[in-house]
file upload-v7.cif (mmCIF, C-alpha atoms)
data_input
#
loop_
_atom_site.label_atom_id
_atom_site.label_comp_id
_atom_site.auth_asym_id
_atom_site.auth_seq_id
_atom_site.Cartn_x
_atom_site.Cartn_y
_atom_site.Cartn_z
CA MET A 1 -47.52 -4.83 28.91
CA LEU A 2 -48.33 -2.40 26.09
CA LEU A 3 -46.14 0.23 27.76
CA SER A 4 -43.20 -2.19 27.82
CA TYR A 5 -43.59 -2.83 24.09
CA ILE A 6 -43.69 0.90 23.34
CA ARG A 7 -40.60 1.58 25.53
CA THR A 8 -38.70 -1.23 23.81
CA ILE A 9 -39.62 0.04 20.35
CA ILE A 10 -38.53 3.60 21.23
CA LEU A 11 -35.19 2.41 22.65
CA TYR A 12 -34.67 0.18 19.62
CA LEU A 13 -35.18 3.11 17.25
CA VAL A 14 -32.89 5.31 19.36
CA LEU A 15 -30.14 2.66 19.25
CA ILE A 16 -30.42 2.45 15.46
CA ALA A 17 -30.10 6.24 15.25
CA VAL A 18 -27.08 6.20 17.58
CA ILE A 19 -25.27 3.55 15.54
CA ARG A 20 -26.07 5.40 12.30
CA LEU A 21 -24.65 8.62 13.75
CA MET A 22 -21.46 6.79 14.75
CA GLY A 23 -20.83 5.69 11.16
CA LYS A 24 -21.13 2.62 8.96
CA ARG A 25 -18.10 0.61 10.00
CA GLN A 26 -18.63 -3.01 10.95
CA ILE A 27 -17.84 -4.42 14.39
CA GLY A 28 -14.54 -5.90 13.18
CA GLN A 29 -13.52 -2.50 11.83
CA MET A 30 -14.29 -0.43 14.93
CA GLU A 31 -11.68 1.56 16.75
CA PRO A 32 -11.37 0.78 20.50
CA SER A 33 -13.35 3.88 21.54
CA GLU A 34 -16.17 3.03 19.13
CA PHE A 35 -16.36 -0.55 20.39
CA VAL A 36 -16.56 0.67 24.00
CA VAL A 37 -19.37 3.09 23.08
CA THR A 38 -21.30 0.31 21.33
CA MET A 39 -21.02 -1.97 24.36
CA LEU A 40 -22.02 0.83 26.75
CA VAL A 41 -25.03 1.87 24.69
CA ALA A 42 -26.25 -1.73 24.46
CA ASN A 43 -25.97 -2.21 28.22
CA LEU A 44 -27.57 1.16 29.02
CA ALA A 45 -30.51 0.38 26.74
CA SER A 46 -31.12 -3.03 28.30
CA ILE A 47 -31.76 -1.52 31.77
CA PRO A 48 -34.90 0.55 30.96
CA MET A 49 -36.09 -2.25 28.66
CA GLN A 50 -36.13 -4.74 31.53
CA ASP A 51 -37.18 -2.41 34.38
CA GLY A 52 -40.46 -0.63 33.69
CA GLY A 53 -40.04 1.38 36.89
CA ILE A 54 -37.24 3.44 35.37
CA PRO A 55 -38.56 6.51 33.49
CA LEU A 56 -37.87 6.27 29.77
CA PHE A 57 -36.25 9.71 29.76
CA SER A 58 -33.81 8.57 32.47
CA GLY A 59 -32.82 5.68 30.22
CA LEU A 60 -32.32 7.90 27.19
CA VAL A 61 -30.16 10.52 28.92
CA PRO A 62 -27.08 8.29 29.50
CA ILE A 63 -27.35 6.86 25.97
CA LEU A 64 -27.42 10.33 24.41
CA THR A 65 -24.63 11.45 26.76
CA VAL A 66 -22.39 8.61 25.61
CA LEU A 67 -23.24 9.41 22.00
CA GLY A 68 -22.39 13.08 22.56
CA MET A 69 -19.02 12.14 24.07
CA GLU A 70 -18.26 9.84 21.13
CA LEU A 71 -19.08 12.57 18.60
CA LEU A 72 -16.97 15.11 20.49
CA LEU A 73 -14.01 12.73 20.73
CA ALA A 74 -14.38 11.83 17.05
CA ALA A 75 -14.26 15.52 16.14
CA ALA A 76 -11.23 16.01 18.39
CA ALA A 77 -9.50 13.02 16.81
CA MET A 78 -10.12 14.48 13.36
CA GLY A 79 -8.30 17.68 14.33
CA SER A 80 -5.54 16.35 16.59
CA VAL A 81 -2.98 13.65 15.89
CA TRP A 82 -2.24 13.35 19.62
CA VAL A 83 -5.91 12.68 20.49
CA ARG A 84 -6.11 10.20 17.63
CA LYS A 85 -3.12 8.28 18.97
CA VAL A 86 -4.54 8.22 22.50
CA LEU A 87 -7.97 7.00 21.41
CA CYS A 88 -7.07 4.71 18.53
CA GLY A 89 -3.40 3.86 19.03
CA LYS A 90 -1.17 3.52 16.01
CA PRO A 91 -0.37 0.77 13.49
CA VAL A 92 2.28 -1.73 14.57
CA ILE A 93 4.66 -3.43 12.12
CA LEU A 94 4.71 -7.15 12.93
CA ILE A 95 6.81 -8.22 9.92
CA GLU A 96 9.39 -5.87 8.42
CA ASN A 97 11.45 -6.76 5.38
CA GLY A 98 10.57 -10.42 5.83
CA LYS A 99 11.61 -10.57 9.49
CA VAL A 100 9.05 -11.16 12.24
CA ASN A 101 9.25 -8.52 14.96
CA GLN A 102 8.93 -10.72 18.05
CA LYS A 103 9.06 -7.70 20.37
CA ALA A 104 6.09 -6.15 18.57
CA LEU A 105 4.21 -9.46 18.82
CA ARG A 106 4.71 -9.53 22.58
CA ALA A 107 3.75 -5.85 22.93
CA THR A 108 0.50 -6.37 21.02
CA ARG A 109 -0.11 -9.79 22.61
CA VAL A 110 -0.41 -11.45 19.21
CA THR A 111 0.68 -15.08 19.25
CA LEU A 112 2.53 -16.71 16.39
CA ASP A 113 -0.52 -18.91 15.76
CA GLU A 114 -2.71 -15.82 15.43
CA LEU A 115 -0.23 -14.20 13.07
CA THR A 116 -0.03 -17.24 10.80
CA GLY A 117 -3.83 -17.55 10.97
CA HIS A 118 -4.26 -13.98 9.73
CA LEU A 119 -1.75 -14.66 6.97
CA ARG A 120 -3.72 -17.71 5.85
CA GLU A 121 -6.81 -15.49 5.66
CA LYS A 122 -4.80 -13.41 3.19
CA ASP A 123 -3.95 -16.58 1.18
CA VAL A 124 -0.36 -16.55 2.45
CA LEU A 125 1.10 -19.89 3.54
CA ASP A 126 4.82 -19.05 3.57
CA ILE A 127 5.68 -16.39 6.15
CA GLN A 128 8.95 -15.71 4.31
CA SER A 129 7.00 -14.49 1.28
CA VAL A 130 5.76 -11.48 3.28
CA GLN A 131 7.74 -8.26 3.20
CA TYR A 132 5.51 -6.27 5.54
CA ALA A 133 2.65 -7.16 7.86
CA ILE A 134 1.05 -4.29 9.74
CA LEU A 135 -1.48 -4.58 12.58
CA GLU A 136 -3.92 -1.73 12.00
CA THR A 137 -5.67 0.20 14.76
CA ASN A 138 -8.98 -1.56 14.02
CA GLY A 139 -7.42 -5.00 14.57
CA ASN A 140 -7.08 -5.95 10.89
CA LEU A 141 -3.78 -7.17 9.48
CA SER A 142 -2.47 -5.56 6.29
CA VAL A 143 -0.16 -7.92 4.39
CA PHE A 144 2.29 -6.90 1.65
CA PRO A 145 4.16 -9.77 -0.05
CA TRP A 146 7.54 -9.29 -1.65
CA PRO A 147 7.13 -7.87 -5.17
CA LYS A 148 8.36 -11.12 -6.70
CA GLU A 149 5.66 -13.03 -4.82
CA LYS A 150 2.81 -10.88 -6.11
CA PRO A 151 0.77 -12.09 -9.08
CA ALA A 152 1.44 -10.10 -12.21
CA SER A 153 -1.11 -7.42 -13.04
CA ALA A 154 -2.62 -7.11 -16.47
CA LYS A 155 -0.36 -4.11 -17.14
CA GLU A 156 2.76 -6.01 -16.12
CA ALA A 157 1.74 -9.02 -18.21
CA GLY A 158 1.01 -6.82 -21.21
CA VAL A 159 -2.59 -8.01 -21.41
CA GLN A 160 -5.22 -5.68 -22.83
CA VAL A 161 -8.28 -5.71 -20.58
CA LYS A 162 -11.69 -4.18 -21.04
CA SER A 163 -12.76 -1.21 -18.97
CA GLN A 164 -15.35 -1.90 -16.31
CA TYR A 165 -18.29 0.28 -15.37
CA LEU A 166 -20.34 0.54 -12.21
CA PRO A 167 -23.89 -0.80 -12.65
CA ILE A 168 -26.63 1.44 -11.25
CA SER A 169 -29.57 -0.26 -9.56
CA ILE A 170 -32.88 0.85 -11.06
CA ILE A 171 -35.18 -1.80 -9.60
CA GLU A 172 -34.53 -3.97 -6.55
CA ASP A 173 -37.10 -6.49 -5.33
CA GLY A 174 -39.96 -4.76 -7.13
CA TYR A 175 -39.00 -1.26 -5.92
CA LEU A 176 -38.13 1.47 -8.43
CA TYR A 177 -35.29 3.79 -7.36
CA GLY A 178 -36.44 7.03 -8.95
CA GLU A 179 -33.36 8.97 -7.81
CA ASN A 180 -31.11 6.49 -9.63
CA LEU A 181 -32.88 7.11 -12.92
CA ALA A 182 -31.38 10.60 -13.10
CA VAL A 183 -27.93 9.23 -12.26
CA ALA A 184 -28.25 6.64 -15.03
CA LYS A 185 -29.68 9.29 -17.39
CA ARG A 186 -32.81 7.21 -17.90
CA ASP A 187 -36.52 7.82 -17.33
CA LYS A 188 -39.62 5.80 -16.45
CA LYS A 189 -40.44 5.38 -20.11
CA TRP A 190 -37.13 3.56 -20.61
CA VAL A 191 -37.90 1.35 -17.59
CA GLN A 192 -41.25 0.41 -19.06
CA GLN A 193 -39.61 -0.42 -22.40
CA VAL A 194 -37.18 -2.79 -20.66
CA LEU A 195 -40.03 -4.42 -18.75
CA ASP A 196 -42.04 -4.81 -21.95
CA GLU A 197 -39.06 -6.44 -23.69
CA HIS A 198 -38.95 -9.05 -20.93
CA ARG A 199 -42.75 -9.33 -20.83
CA THR A 200 -42.78 -8.62 -17.14
CA SER A 201 -43.83 -5.99 -14.61
CA LEU A 202 -42.25 -3.95 -11.85
CA LYS A 203 -43.49 -6.31 -9.12
CA GLN A 204 -42.08 -9.35 -10.94
CA THR A 205 -38.61 -7.80 -11.27
CA TRP A 206 -36.02 -8.76 -8.68
CA LEU A 207 -33.13 -6.72 -10.12
CA LEU A 208 -32.67 -4.26 -12.97
CA THR A 209 -29.35 -2.45 -13.44
CA VAL A 210 -27.73 -0.43 -16.21
CA ASP A 211 -24.20 0.93 -16.56
CA GLU A 212 -22.93 3.99 -18.43
CA LYS A 213 -22.19 1.84 -21.50
CA GLY A 214 -25.84 0.83 -21.67
CA HIS A 215 -25.42 -2.78 -20.53
CA VAL A 216 -28.70 -3.87 -18.94
CA LEU A 217 -29.10 -6.68 -16.42
CA TRP A 218 -32.61 -7.92 -15.62
CA LEU A 219 -33.38 -10.73 -13.18
CA PRO A 220 -36.86 -12.00 -12.31
CA LYS A 221 -38.19 -12.89 -8.89
CA GLU A 222 -37.93 -16.62 -8.31
CA ASP A 223 -41.51 -16.86 -7.08
CA SER A 224 -42.92 -14.96 -10.07
#
call {"tool": "encode", "arguments": {"input": "upload-v7.cif", "output": "structure tokens"}}
result
Amino acid sequence: MLLSYIRTIILYLVLIAVIRLMGKRQIGQMEPSEFVVTMLVANLASIPMQDGGIPLFSGLVPILTVLGMELLLAAAAMGSVWVRKVLCGKPVILIENGKVNQKALRATRVTLDELTGHLREKDVLDIQSVQYAILETNGNLSVFPWPKEKPASAKEAGVQVKSQYLPISIIEDGYLYGENLAVAKRDKKWVQQVLDEHRTSLKQTWLLTVDEKGHVLWLPKEDS
């Protein structure tokens, strides 16, 4: 029984490493080849997990082989447009200049209900308000309304808006990110000053951020 636990833990850690090596894209954003690799790796890992008679090394070899093929194909796709088209396909225009391309819908097997559903996800109710709708290679739908249908930007409306700055996390859930202190041009002494101002401690802090303008956000843990 202990051996089964150890084998499962090893395979679990290997799968995490494989997925990390493949990249950080979510399932809904995977290219077809990446989705196939994910399914294959999951199935290959389940076999040695369930059958203790299979040597662990024999279970790892096909997983690492599939990973190697994925990395090689990814490198080939980076350097060759032809390979990229074969593996990933190419974007398909479903709506062009306000007209639905019914031939493209049939070719991609996208029903009208699916198209209107994707448009609703983009807050579009009137299909005639869309100038272009493009089915991307990862299955997402990019929607571009007619210029007159777009909400006016602050620049177009002549509104003066404040600049925004990216907050840098210094403390999260009681953990101090030392490497972020250098990025924020702060030190531990500054952190302690902020904690003293809020009469709190590192362990009682849920979130502490600071941006380049010096705006500080401190939030306590709810159970503190």
call {"tool": "atom_distance", "arguments": {"input": "upload-v7.cif", "atom1": "atom CA of Leu112 of chain A", "atom2": "atom CA of Pro151 of chain A"}}
result
25.9 Å
call {"tool": "closest_atom_pairs", "arguments": {"input": "upload-v7.cif", "of": "segment 143-204 of chain A", "to": "segment 208-222 of chain A", "cutoff": "7 Å", "atoms": "only C-alpha atoms", "output": "JSON lines"}}
result
{"residue": "A:Tyr165", "atom": "CA", "partner": "A:Asp211", "partner_atom": "CA", "distance": 6.1}
{"residue": "A:Leu166", "atom": "CA", "partner": "A:Asp211", "partner_atom": "CA", "distance": 5.8}
{"residue": "A:Pro167", "atom": "CA", "partner": "A:Asp211", "partner_atom": "CA", "distance": 4.3}
{"residue": "A:Ile168", "atom": "CA", "partner": "A:Thr209", "partner_atom": "CA", "distance": 5.2}
{"residue": "A:Ser169", "atom": "CA", "partner": "A:Thr209", "partner_atom": "CA", "distance": 4.5}
{"residue": "A:Ile170", "atom": "CA", "partner": "A:Thr209", "partner_atom": "CA", "distance": 5.4}
{"residue": "A:Ile171", "atom": "CA", "partner": "A:Leu208", "partner_atom": "CA", "distance": 4.9}
{"residue": "A:Glu172", "atom": "CA", "partner": "A:Leu208", "partner_atom": "CA", "distance": 6.7}
{"residue": "A:Ala184", "atom": "CA", "partner": "A:Glu212", "partner_atom": "CA", "distance": 6.8}
{"residue": "A:Gln204", "atom": "CA", "partner": "A:Lys221", "partner_atom": "CA", "distance": 5.6}
call {"tool": "resolve_selection", "arguments": {"input": "upload-v7.cif", "expression": "the PyMOL selection byres ((chain A and resi 100) around 12)", "output": "list of chain:residue names"}}
result
A:Val92, A:Ile93, A:Leu94, A:Ile95, A:Glu96, A:Asn97, A:Gly98, A:Lys99, A:Asn101, A:Gln102, A:Lys103, A:Ala104, A:Leu105, A:Arg106, A:Val110, A:Thr111, A:Leu112, A:Leu115, A:Thr116, A:Ile127, A:Gln128, A:Ser129, A:Val130, A:Gln131, A:Tyr132, A:Ala133, A:Ile134
call {"tool": "write_last_selection", "arguments": {"input": "upload-v7.cif", "atoms": "C-alpha atoms", "output": "compact mmCIF listing (two decimals), keeping the file's coordinate frame"}}
result
# COMPACT_ATOMS: atom_id res chain seq x y z
CA VAL A 92 2.28 -1.73 14.57
CA ILE A 93 4.66 -3.43 12.12
CA LEU A 94 4.71 -7.15 12.93
CA ILE A 95 6.81 -8.22 9.92
CA GLU A 96 9.39 -5.87 8.42
CA ASN A 97 11.45 -6.76 5.38
CA GLY A 98 10.57 -10.42 5.83
CA LYS A 99 11.61 -10.57 9.49
CA ASN A 101 9.25 -8.52 14.96
CA GLN A 102 8.93 -10.72 18.05
CA LYS A 103 9.06 -7.70 20.37
CA ALA A 104 6.09 -6.15 18.57
CA LEU A 105 4.21 -9.46 18.82
CA ARG A 106 4.71 -9.53 22.58
CA VAL A 110 -0.41 -11.45 19.21
CA THR A 111 0.68 -15.08 19.25
CA LEU A 112 2.53 -16.71 16.39
CA LEU A 115 -0.23 -14.20 13.07
CA THR A 116 -0.03 -17.24 10.80
CA ILE A 127 5.68 -16.39 6.15
CA GLN A 128 8.95 -15.71 4.31
CA SER A 129 7.00 -14.49 1.28
CA VAL A 130 5.76 -11.48 3.28
CA GLN A 131 7.74 -8.26 3.20
CA TYR A 132 5.51 -6.27 5.54
CA ALA A 133 2.65 -7.16 7.86
CA ILE A 134 1.05 -4.29 9.74
call {"tool": "resolve_selection", "arguments": {"input": "upload-v7.cif", "expression": "the PyMOL selection byres ((chain A and resi 191) around 10)", "output": "number ranges by chain"}}
result
A: 170-171, 176, 181, 186-190, 192-197, 201-202, 208
call {"tool": "resolve_selection", "arguments": {"input": "upload-v7.cif", "expression": "the PyMOL selection byres ((chain A and resi 173) around 7)", "output": "PyMOL selection string"}}
result
chain A and resi 171-172+174-175+205-207
call {"tool": "atom_distance", "arguments": {"input": "upload-v7.cif", "atom1": "atom CA of Gly59 of chain A", "atom2": "atom CA of Ser46 of chain A"}}
result
9.1 Å
call {"tool": "atom_distance", "arguments": {"input": "upload-v7.cif", "atom1": "atom CA of Asn140 of chain A", "atom2": "atom CA of His118 of chain A"}}
result
8.6 Å
call {"tool": "closest_residue", "arguments": {"input": "upload-v7.cif", "among": "A:Ile9, A:Cys88, A:Ala77, A:Leu44", "to": "Glu136 of chain A", "atoms": "all atoms listed in the file"}}
result
A:Cys88
call {"tool": "axis_aligned_box", "arguments": {"input": "upload-v7.cif", "around": "segment 131-149 of chain A", "padding_each_side": "5 Å", "output": "JSON"}}
result
{"center_x": -0.3, "center_y": -6.4, "center_z": 4.0, "size_x": 27.3, "size_y": 23.2, "size_z": 31.5}
call {"tool": "build_atoms", "arguments": {"input": "upload-v7.cif", "residues": "segment 167-194 of chain A", "atoms": "N, CA and C atoms", "output": "PDB file, in the frame of the given file"}}
result
ATOM      1  N   PRO A 167     -22.456  -0.699 -12.364  1.00  0.00           N
ATOM      2  CA  PRO A 167     -23.890  -0.800 -12.650  1.00  0.00           C
ATOM      3  C   PRO A 167     -24.713  -0.007 -11.632  1.00  0.00           C
ATOM      4  N   ILE A 168     -25.751   0.644 -12.111  1.00  0.00           N
ATOM      5  CA  ILE A 168     -26.630   1.440 -11.250  1.00  0.00           C
ATOM      6  C   ILE A 168     -27.945   0.688 -11.082  1.00  0.00           C
ATOM      7  N   SER A 169     -28.330   0.472  -9.844  1.00  0.00           N
ATOM      8  CA  SER A 169     -29.570  -0.260  -9.560  1.00  0.00           C
ATOM      9  C   SER A 169     -30.780   0.630  -9.860  1.00  0.00           C
ATOM     10  N   ILE A 170     -31.645   0.143 -10.722  1.00  0.00           N
ATOM     11  CA  ILE A 170     -32.880   0.850 -11.060  1.00  0.00           C
ATOM     12  C   ILE A 170     -34.068   0.244 -10.335  1.00  0.00           C
ATOM     13  N   ILE A 171     -34.120  -1.091 -10.309  1.00  0.00           N
ATOM     14  CA  ILE A 171     -35.180  -1.800  -9.600  1.00  0.00           C
ATOM     15  C   ILE A 171     -34.542  -2.862  -8.710  1.00  0.00           C
ATOM     16  N   GLU A 172     -34.965  -2.919  -7.474  1.00  0.00           N
ATOM     17  CA  GLU A 172     -34.530  -3.970  -6.550  1.00  0.00           C
ATOM     18  C   GLU A 172     -35.751  -4.513  -5.834  1.00  0.00           C
ATOM     19  N   ASP A 173     -35.998  -5.803  -6.004  1.00  0.00           N
ATOM     20  CA  ASP A 173     -37.100  -6.490  -5.330  1.00  0.00           C
ATOM     21  C   ASP A 173     -38.435  -5.763  -5.544  1.00  0.00           C
ATOM     22  N   GLY A 174     -38.684  -5.377  -6.795  1.00  0.00           N
ATOM     23  CA  GLY A 174     -39.960  -4.760  -7.130  1.00  0.00           C
ATOM     24  C   GLY A 174     -40.065  -3.287  -6.794  1.00  0.00           C
ATOM     25  N   TYR A 175     -38.966  -2.681  -6.289  1.00  0.00           N
ATOM     26  CA  TYR A 175     -39.000  -1.260  -5.920  1.00  0.00           C
ATOM     27  C   TYR A 175     -38.183  -0.454  -6.919  1.00  0.00           C
ATOM     28  N   LEU A 176     -38.790   0.613  -7.451  1.00  0.00           N
ATOM     29  CA  LEU A 176     -38.130   1.470  -8.430  1.00  0.00           C
ATOM     30  C   LEU A 176     -37.406   2.609  -7.719  1.00  0.00           C
ATOM     31  N   TYR A 177     -36.083   2.702  -7.929  1.00  0.00           N
ATOM     32  CA  TYR A 177     -35.290   3.790  -7.360  1.00  0.00           C
ATOM     33  C   TYR A 177     -35.326   4.978  -8.311  1.00  0.00           C
ATOM     34  N   GLY A 178     -36.274   5.884  -8.075  1.00  0.00           N
ATOM     35  CA  GLY A 178     -36.440   7.030  -8.950  1.00  0.00           C
ATOM     36  C   GLY A 178     -35.230   7.928  -8.999  1.00  0.00           C
ATOM     37  N   GLU A 179     -34.533   8.082  -7.832  1.00  0.00           N
ATOM     38  CA  GLU A 179     -33.360   8.970  -7.810  1.00  0.00           C
ATOM     39  C   GLU A 179     -32.214   8.417  -8.645  1.00  0.00           C
ATOM     40  N   ASN A 180     -32.179   7.086  -8.829  1.00  0.00           N
ATOM     41  CA  ASN A 180     -31.110   6.490  -9.630  1.00  0.00           C
ATOM     42  C   ASN A 180     -31.356   6.635 -11.130  1.00  0.00           C
ATOM     43  N   LEU A 181     -32.590   6.909 -11.502  1.00  0.00           N
ATOM     44  CA  LEU A 181     -32.880   7.110 -12.920  1.00  0.00           C
ATOM     45  C   LEU A 181     -32.124   8.321 -13.457  1.00  0.00           C
ATOM     46  N   ALA A 182     -32.094   9.397 -12.667  1.00  0.00           N
ATOM     47  CA  ALA A 182     -31.380  10.600 -13.100  1.00  0.00           C
ATOM     48  C   ALA A 182     -29.885  10.341 -13.189  1.00  0.00           C
ATOM     49  N   VAL A 183     -29.359   9.558 -12.235  1.00  0.00           N
ATOM     50  CA  VAL A 183     -27.930   9.230 -12.260  1.00  0.00           C
ATOM     51  C   VAL A 183     -27.588   8.418 -13.501  1.00  0.00           C
ATOM     52  N   ALA A 184     -28.483   7.491 -13.855  1.00  0.00           N
ATOM     53  CA  ALA A 184     -28.250   6.640 -15.030  1.00  0.00           C
ATOM     54  C   ALA A 184     -28.677   7.315 -16.332  1.00  0.00           C
ATOM     55  N   LYS A 185     -29.204   8.546 -16.215  1.00  0.00           N
ATOM     56  CA  LYS A 185     -29.680   9.290 -17.390  1.00  0.00           C
ATOM     57  C   LYS A 185     -30.759   8.492 -18.136  1.00  0.00           C
ATOM     58  N   ARG A 186     -31.679   7.947 -17.363  1.00  0.00           N
ATOM     59  CA  ARG A 186     -32.810   7.210 -17.900  1.00  0.00           C
ATOM     60  C   ARG A 186     -34.099   7.796 -17.322  1.00  0.00           C
ATOM     61  N   ASP A 187     -35.236   7.362 -17.853  1.00  0.00           N
ATOM     62  CA  ASP A 187     -36.520   7.820 -17.330  1.00  0.00           C
ATOM     63  C   ASP A 187     -37.460   6.618 -17.192  1.00  0.00           C
ATOM     64  N   LYS A 188     -38.661   6.879 -16.681  1.00  0.00           N
ATOM     65  CA  LYS A 188     -39.620   5.800 -16.450  1.00  0.00           C
ATOM     66  C   LYS A 188     -40.078   5.162 -17.750  1.00  0.00           C
ATOM     67  N   LYS A 189     -40.063   5.937 -18.815  1.00  0.00           N
ATOM     68  CA  LYS A 189     -40.440   5.380 -20.110  1.00  0.00           C
ATOM     69  C   LYS A 189     -39.454   4.306 -20.534  1.00  0.00           C
ATOM     70  N   TRP A 190     -38.162   4.558 -20.292  1.00  0.00           N
ATOM     71  CA  TRP A 190     -37.130   3.560 -20.610  1.00  0.00           C
ATOM     72  C   TRP A 190     -37.326   2.306 -19.773  1.00  0.00           C
ATOM     73  N   VAL A 191     -37.656   2.506 -18.478  1.00  0.00           N
ATOM     74  CA  VAL A 191     -37.900   1.350 -17.590  1.00  0.00           C
ATOM     75  C   VAL A 191     -39.036   0.505 -18.132  1.00  0.00           C
ATOM     76  N   GLN A 192     -40.103   1.154 -18.550  1.00  0.00           N
ATOM     77  CA  GLN A 192     -41.250   0.410 -19.060  1.00  0.00           C
ATOM     78  C   GLN A 192     -40.894  -0.345 -20.337  1.00  0.00           C
ATOM     79  N   GLN A 193     -40.043   0.253 -21.182  1.00  0.00           N
ATOM     80  CA  GLN A 193     -39.610  -0.420 -22.400  1.00  0.00           C
ATOM     81  C   GLN A 193     -38.833  -1.697 -22.074  1.00  0.00           C
ATOM     82  N   VAL A 194     -37.950  -1.615 -21.070  1.00  0.00           N
ATOM     83  CA  VAL A 194     -37.180  -2.790 -20.660  1.00  0.00           C
ATOM     84  C   VAL A 194     -38.111  -3.865 -20.115  1.00  0.00           C
TER      85      VAL A 194
END
